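Visitor: Input structure: final.tsv, which contains TSV, C-alpha atoms.
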```tsv
chain	number	residue	atom	x	y	z
A	105	MET	CA	-31.87	30.24	17.23
A	106	ASP	CA	-30.56	33.08	15.09
A	107	GLY	CA	-30.06	30.82	12.09
A	108	LYS	CA	-26.36	31.49	11.94
A	109	LEU	CA	-23.85	28.67	11.86
A	110	LYS	CA	-21.15	28.79	14.48
A	111	LYS	CA	-17.76	29.31	12.89
A	112	LYS	CA	-15.48	26.32	13.34
A	113	GLN	CA	-12.48	27.18	15.47
A	114	ARG	CA	-9.15	26.72	13.81
A	115	HIS	CA	-6.57	24.61	15.59
A	116	PHE	CA	-3.18	23.24	14.64
A	117	SER	CA	-0.73	20.54	15.71
A	118	ILE	CA	3.02	21.09	15.55
A	119	LEU	CA	5.84	18.54	15.83
A	120	VAL	CA	9.15	19.70	17.34
A	121	THR	CA	11.93	17.28	16.49
A	122	GLY	CA	15.72	17.00	16.35
A	123	SER	CA	18.67	15.25	17.94
A	124	SER	CA	18.75	14.62	21.67
A	125	GLY	CA	20.03	17.60	23.64
A	126	CYS	CA	19.46	20.27	21.00
A	127	GLY	CA	16.93	22.12	23.17
A	128	LYS	CA	13.52	21.08	21.84
A	129	THR	CA	11.84	20.89	25.24
A	130	SER	CA	13.58	24.07	26.37
A	131	LEU	CA	12.15	26.01	23.43
A	132	ILE	CA	8.63	24.73	24.15
A	133	ASN	CA	8.92	25.51	27.87
A	134	ARG	CA	10.21	28.99	27.08
A	135	LEU	CA	7.24	29.66	24.81
A	136	ILE	CA	4.53	28.25	27.08
A	137	LYS	CA	5.89	28.69	30.62
A	138	ASP	CA	8.59	31.32	30.04
A	139	THR	CA	11.02	29.11	31.97
A	140	PHE	CA	14.44	27.62	31.26
A	141	ASN	CA	16.01	24.58	32.92
A	142	LYS	CA	19.69	24.04	32.11
A	143	GLU	CA	19.45	20.38	33.14
A	144	HIS	CA	18.90	18.06	30.16
A	145	VAL	CA	16.07	15.56	30.61
A	146	PRO	CA	15.76	13.34	27.49
A	147	THR	CA	12.32	13.07	25.89
A	148	GLN	CA	10.98	9.52	25.61
A	149	TYR	CA	8.83	9.01	22.52
A	150	MET	CA	6.56	12.08	22.63
A	151	ASP	CA	5.40	14.77	25.06
A	152	SER	CA	2.64	17.24	24.16
A	153	MET	CA	1.69	20.64	25.56
A	154	GLN	CA	-1.12	23.06	24.77
A	155	TYR	CA	-0.70	26.67	23.65
A	156	VAL	CA	-3.17	29.36	22.58
A	157	ALA	CA	-1.87	31.78	19.95
A	158	GLN	CA	-3.44	35.18	19.45
A	159	VAL	CA	-3.48	36.13	15.75
A	160	ASN	CA	-5.40	39.20	14.59
A	161	GLY	CA	-7.70	38.95	17.59
A	162	GLU	CA	-8.40	35.25	17.04
A	163	ARG	CA	-7.57	32.62	19.66
A	164	ILE	CA	-6.00	29.63	17.93
A	165	PRO	CA	-5.38	26.47	19.98
A	166	VAL	CA	-2.11	24.74	19.15
A	167	GLN	CA	-0.86	21.35	20.30
A	168	ILE	CA	2.95	21.28	20.38
A	169	SER	CA	4.52	17.82	20.52
A	170	ASP	CA	8.15	17.14	21.35
A	171	THR	CA	9.93	14.01	20.14
A	172	ASP	CA	13.47	12.74	19.66
A	173	ALA	CA	14.50	12.26	16.03
A	174	ASP	CA	17.37	9.90	16.76
A	175	ARG	CA	17.12	6.67	14.80
A	176	ASN	CA	15.99	4.72	17.89
A	177	TYR	CA	12.60	6.39	17.43
A	178	GLU	CA	12.50	6.52	13.63
A	179	GLY	CA	9.69	3.97	13.33
A	180	TYR	CA	7.48	6.04	15.59
A	181	SER	CA	8.42	9.41	14.10
A	182	ILE	CA	7.16	8.47	10.63
A	183	ASN	CA	3.64	8.35	12.10
A	184	TYR	CA	4.22	11.67	13.85
A	185	TYR	CA	4.95	13.53	10.60
A	186	ALA	CA	1.78	12.18	8.98
A	187	THR	CA	-0.46	13.50	11.76
A	188	LYS	CA	0.95	17.01	12.27
A	189	ASP	CA	0.28	20.28	10.46
A	190	ALA	CA	3.85	21.57	10.88
A	191	THR	CA	7.31	20.28	11.74
A	192	ILE	CA	9.96	22.33	13.54
A	193	ILE	CA	13.40	20.79	12.97
A	194	ILE	CA	15.92	21.72	15.67
A	195	TYR	CA	19.70	21.47	15.71
A	196	ASP	CA	22.30	22.81	18.15
A	197	ILE	CA	24.60	25.41	16.54
A	198	SER	CA	27.30	24.56	19.11
A	199	ASN	CA	27.31	20.84	18.29
A	200	GLN	CA	28.22	19.64	14.80
A	201	GLU	CA	26.79	16.16	15.48
A	202	SER	CA	23.31	17.59	16.05
A	203	LEU	CA	23.17	18.58	12.39
A	204	GLU	CA	23.66	15.05	11.12
A	205	ASN	CA	19.99	14.05	11.53
A	206	VAL	CA	18.62	17.08	9.68
A	207	THR	CA	18.79	15.59	6.19
A	208	ASP	CA	16.93	12.44	7.29
A	209	ILE	CA	14.31	14.49	9.13
A	210	CYS	CA	13.68	16.69	6.08
A	211	GLU	CA	13.29	13.63	3.88
A	212	ARG	CA	10.78	12.06	6.28
A	213	TRP	CA	8.84	15.32	6.46
A	214	GLU	CA	8.71	15.57	2.65
A	215	ILE	CA	7.49	11.98	2.28
A	216	PHE	CA	5.08	11.53	5.18
A	217	SER	CA	3.64	14.95	6.03
A	218	PRO	CA	0.19	16.16	4.89
A	219	ARG	CA	0.03	18.21	1.70
A	220	LYS	CA	-0.33	21.60	3.41
A	221	SER	CA	2.19	20.86	6.15
A	222	VAL	CA	4.94	23.41	6.69
A	223	ALA	CA	8.42	23.13	8.17
A	224	ILE	CA	11.10	25.39	9.59
A	225	LEU	CA	14.77	24.69	10.35
A	226	VAL	CA	15.93	26.10	13.70
A	227	GLY	CA	19.47	26.47	15.00
A	228	ASN	CA	19.11	26.64	18.79
A	229	LYS	CA	21.64	27.75	21.44
A	230	SER	CA	22.75	30.91	19.64
A	231	ASP	CA	24.17	32.00	23.00
A	232	MET	CA	26.84	29.25	22.74
A	233	LYS	CA	30.12	29.12	20.83
A	234	ARG	CA	29.34	28.25	17.23
A	235	GLU	CA	30.55	25.02	15.59
A	236	ILE	CA	28.22	25.20	12.59
A	237	ASN	CA	28.56	27.59	9.68
A	238	LYS	CA	25.23	29.40	9.38
A	239	ASP	CA	25.75	30.19	5.69
A	240	ASP	CA	26.03	26.47	4.85
A	241	VAL	CA	22.79	25.67	6.68
A	242	GLU	CA	20.93	28.51	4.97
A	243	ILE	CA	22.01	27.21	1.55
A	244	PHE	CA	20.59	23.81	2.51
A	245	ALA	CA	17.35	25.37	3.81
A	246	GLU	CA	16.96	27.34	0.60
A	247	LYS	CA	17.32	24.15	-1.45
A	248	LYS	CA	14.61	22.55	0.68
A	249	HIS	CA	12.41	25.66	0.41
A	250	ILE	CA	12.05	25.99	4.18
A	251	PRO	CA	12.81	29.01	6.39
A	252	HIS	CA	15.77	29.04	8.76
A	253	ILE	CA	16.12	30.89	12.05
A	254	GLU	CA	18.50	30.85	15.01
A	255	THR	CA	17.17	30.93	18.58
A	256	SER	CA	18.27	30.80	22.20
A	257	ALA	CA	15.90	29.21	24.68
A	258	LYS	CA	18.23	30.31	27.47
A	259	LEU	CA	18.17	34.00	26.52
A	260	ASN	CA	14.64	33.89	25.07
A	261	GLU	CA	15.84	35.10	21.67
A	262	ASN	CA	13.55	34.55	18.65
A	263	VAL	CA	11.58	31.84	20.47
A	264	THR	CA	8.08	33.31	20.30
A	265	GLU	CA	8.85	34.80	16.89
A	266	MET	CA	9.82	31.38	15.55
A	267	PHE	CA	6.70	29.58	16.79
A	268	MET	CA	4.41	32.40	15.67
A	269	SER	CA	5.96	32.43	12.19
A	270	VAL	CA	4.99	28.76	11.84
A	271	ILE	CA	1.43	29.36	13.05
A	272	LYS	CA	1.00	32.33	10.71
A	273	ARG	CA	2.26	30.28	7.77
A	274	LEU	CA	-0.34	27.61	8.56
A	275	ILE	CA	-3.05	30.26	8.59
A	276	GLU	CA	-1.81	31.73	5.30
A	277	ASN	CA	-1.98	28.25	3.75
A	278	GLY	CA	-5.71	28.38	4.32
A	279	GLY	CA	-5.91	25.33	6.53
A	280	ASP	CA	-7.93	24.92	9.70
A	281	GLY	CA	-5.88	22.02	10.98
A	282	THR	CA	-5.27	19.00	8.76
A	283	GLY	CA	-3.41	16.84	11.23
A	284	TYR	CA	-4.61	14.81	14.20
A	285	TYR	CA	-5.44	16.97	17.20
A	286	ASP	CA	-6.32	15.93	20.74
A	287	ASP	CA	-9.25	17.59	22.50
A	288	PHE	CA	-8.22	21.04	23.66
A	289	ASP	CA	-9.52	22.56	26.86
A	290	ASP	CA	-10.55	26.03	26.66
A	291	SER	CA	12.97	19.23	-3.69
A	292	ASP	CA	15.81	20.25	-5.84
A	293	ASP	CA	18.35	18.47	-8.07
A	294	GLY	CA	21.92	18.20	-6.88
A	295	ASP	CA	23.44	17.55	-3.50
A	296	ASP	CA	20.94	18.55	-0.81
A	297	THR	CA	22.68	16.89	2.11
A	298	VAL	CA	23.42	19.11	5.09
A	299	PRO	CA	27.16	19.74	4.89
A	300	ILE	CA	29.78	19.08	7.51
A	301	THR	CA	30.50	22.72	8.10
A	302	SER	CA	33.53	24.63	9.16
A	303	LYS	CA	33.61	26.37	12.52
A	304	LYS	CA	32.67	29.95	11.80
A	305	ASN	CA	31.40	32.55	14.23
A	306	SER	CA	28.64	34.91	13.24
A	307	SER	CA	26.80	37.59	15.15
A	308	CYS	CA	23.85	37.54	12.76
A	309	SER	CA	20.57	36.40	14.34
A	310	CYS	CA	17.98	37.17	11.71
A	311	VAL	CA	14.59	35.66	10.92
A	312	ILE	CA	14.16	34.47	7.35
A	313	SER	CA	10.54	34.73	6.29
```
Can you dump the structure from the file as structure tokens?
Guide:
Amino acid sequence: MDGKLKKKQRHFSILVTGSSGCGKTSLINRLIKDTFNKEHVPTQYMDSMQYVAQVNGERIPVQISDTDADRNYEGYSINYYATKDATIIIYDISNQESLENVTDICERWEIFSPRKSVAILVGNKSDMKREINKDDVEIFAEKKHIPHIETSAKLNENVTEMFMSVIKRLIENGGDGTGYYDDFDDSDDGDDTVPITSKKNSSCSCVIS
């Protein structure tokens, strides 16, 4: 033995949540498999997939779990927040109704997530006709102190960048994985409710760090 302790490998667990049909599974499949299926198959409870991120030459295992945030699963989702290092909150920019769960999801994340947990708000389907005013959502995200980004799983726009921004934030927080992880092979005062927004088109597709 050389007397040196083996460095513990960092690993993280990420929850991807949002209303049914907003593209959660599509974003995960685009990241891990680089595939896109236009057919919508609803997620029942939770599905998990494995991903290995490369950050500064380090291999970091990540478990990415996909669940539906509709109120039918609310009792289960509370446990999910408590056992994950990060939460990715998805809405569909082409569907106003998909934004209605965001306030509840943010509140659950704030209450039940671990201390060093991070979150990001993601408007998916940027390739579709917009129903949601991006400026209104960014004001809400700023009040909640969470980043906001728009993506397209179909066109593979900002998908890898979004997931990697979450992983890098977890690393910057100094954690090595605070949430539950399966074995891996190889707020402000005032009104902070997400608004019912006007329909407003925007060509902007920027990442807010």
Visitor: Show me, as a Markdown table, the residues of segment 162-213 of chain A having an atom within 8 Å of segment 116-125 of chain A, each with the closest atom pair and its distance in Å, using only C-alpha atoms.
Guide:
```
| residue | atom | partner | partner_atom | distance |
| --- | --- | --- | --- | --- |
| A:Ile164 | CA | A:Phe116 | CA | 7.7 |
| A:Pro165 | CA | A:Phe116 | CA | 6.6 |
| A:Val166 | CA | A:Phe116 | CA | 4.9 |
| A:Gln167 | CA | A:Ser117 | CA | 4.7 |
| A:Ile168 | CA | A:Ile118 | CA | 4.8 |
| A:Ser169 | CA | A:Leu119 | CA | 4.9 |
| A:Asp170 | CA | A:Val120 | CA | 4.9 |
| A:Thr171 | CA | A:Thr121 | CA | 5.3 |
| A:Asp172 | CA | A:Thr121 | CA | 5.7 |
| A:Ala173 | CA | A:Gly122 | CA | 4.9 |
| A:Asp174 | CA | A:Ser123 | CA | 5.6 |
| A:Tyr184 | CA | A:Leu119 | CA | 7.3 |
| A:Tyr185 | CA | A:Leu119 | CA | 7.3 |
| A:Lys188 | CA | A:Ser117 | CA | 5.2 |
| A:Asp189 | CA | A:Ser117 | CA | 5.4 |
| A:Ala190 | CA | A:Ile118 | CA | 4.8 |
| A:Thr191 | CA | A:Leu119 | CA | 4.7 |
| A:Ile192 | CA | A:Val120 | CA | 4.7 |
| A:Ile193 | CA | A:Thr121 | CA | 5.2 |
| A:Ile194 | CA | A:Gly122 | CA | 4.8 |
| A:Tyr195 | CA | A:Gly122 | CA | 6.0 |
| A:Asp196 | CA | A:Gly125 | CA | 7.9 |
| A:Ser202 | CA | A:Ser123 | CA | 5.5 |
| A:Leu203 | CA | A:Ser123 | CA | 7.9 |
| A:Asn205 | CA | A:Ser123 | CA | 6.7 |
| A:Val206 | CA | A:Gly122 | CA | 7.3 |
| A:Ile209 | CA | A:Gly122 | CA | 7.8 |
```
Visitor: Would you save the residues of that selection, restricted to C-alpha atoms, as a compact mmCIF listing (two decimals), in the frame of the given file?
Guide:
```txt
# COMPACT_ATOMS: atom_id res chain seq x y z
CA ILE A 164 -6.00 29.63 17.93
CA PRO A 165 -5.38 26.47 19.98
CA VAL A 166 -2.11 24.74 19.15
CA GLN A 167 -0.86 21.35 20.30
CA ILE A 168 2.95 21.28 20.38
CA SER A 169 4.52 17.82 20.52
CA ASP A 170 8.15 17.14 21.35
CA THR A 171 9.93 14.01 20.14
CA ASP A 172 13.47 12.74 19.66
CA ALA A 173 14.50 12.26 16.03
CA ASP A 174 17.37 9.90 16.76
CA TYR A 184 4.22 11.67 13.85
CA TYR A 185 4.95 13.53 10.60
CA LYS A 188 0.95 17.01 12.27
CA ASP A 189 0.28 20.28 10.46
CA ALA A 190 3.85 21.57 10.88
CA THR A 191 7.31 20.28 11.74
CA ILE A 192 9.96 22.33 13.54
CA ILE A 193 13.40 20.79 12.97
CA ILE A 194 15.92 21.72 15.67
CA TYR A 195 19.70 21.47 15.71
CA ASP A 196 22.30 22.81 18.15
CA SER A 202 23.31 17.59 16.05
CA LEU A 203 23.17 18.58 12.39
CA ASN A 205 19.99 14.05 11.53
CA VAL A 206 18.62 17.08 9.68
CA ILE A 209 14.31 14.49 9.13
```
Visitor: So what do you get for atom CA of Val159 of chain A versus atom CA of Pro218 of chain A, distance-wise?
Guide: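 Between these atoms lies a distance of 23.0 Å.
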Visitor: Please report the interatomic distance between atom CA of Glu214 of chain A and atom CA of Gln154 of chain A in Å with one decimal.
Guide: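 About the pair atom CA of Glu214 of chain A and atom CA of Gln154 of chain A: they are 25.3 Å apart.
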Visitor: Extract, using all atoms listed in the file, all DNA, RNA and protein residues at most 12 Å from Gln158 of chain A, discarding same-chain residues fewer than 4 positions from it, and format them as a list in words.
Guide: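 The residues that qualify are Arg114, His115, Glu162, Arg163, Ile164, Pro165, Val166, Thr264, Phe267, Met268, Ile271, Lys272 and Ile275 of chain A.
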Visitor: Record the distance separating atom CA of Phe244 of chain A and atom CA of Ala223 of chain A, expressed in Å with one decimal.
Guide: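 It comes out at 13.4 Å.
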Visitor: For Ala257 of chain A, which residue among A:Asn237, A:Asn141, A:Gln113, A:Gln200 is the nearest when counting all atoms listed in the file?
Guide: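 Comparing A:Asn237, A:Asn141, A:Gln113, A:Gln200 against Ala257 of chain A, the winner is A:Asn141.
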Visitor: Which of these residues is nearest to Glu261 of chain A, using all atoms listed in the file: A:Cys210, A:Ile197, A:Leu131, A:Leu225?
Guide: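 For Glu261 of chain A, the nearest of the candidates is A:Leu131.
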Visitor: Between A:Phe140, A:Val270, A:Glu201, A:Thr187, which is the closest to Ser256 of chain A once you count only C-alpha atoms?
Guide: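 The answer is A:Phe140, which sits nearest to Ser256 of chain A.
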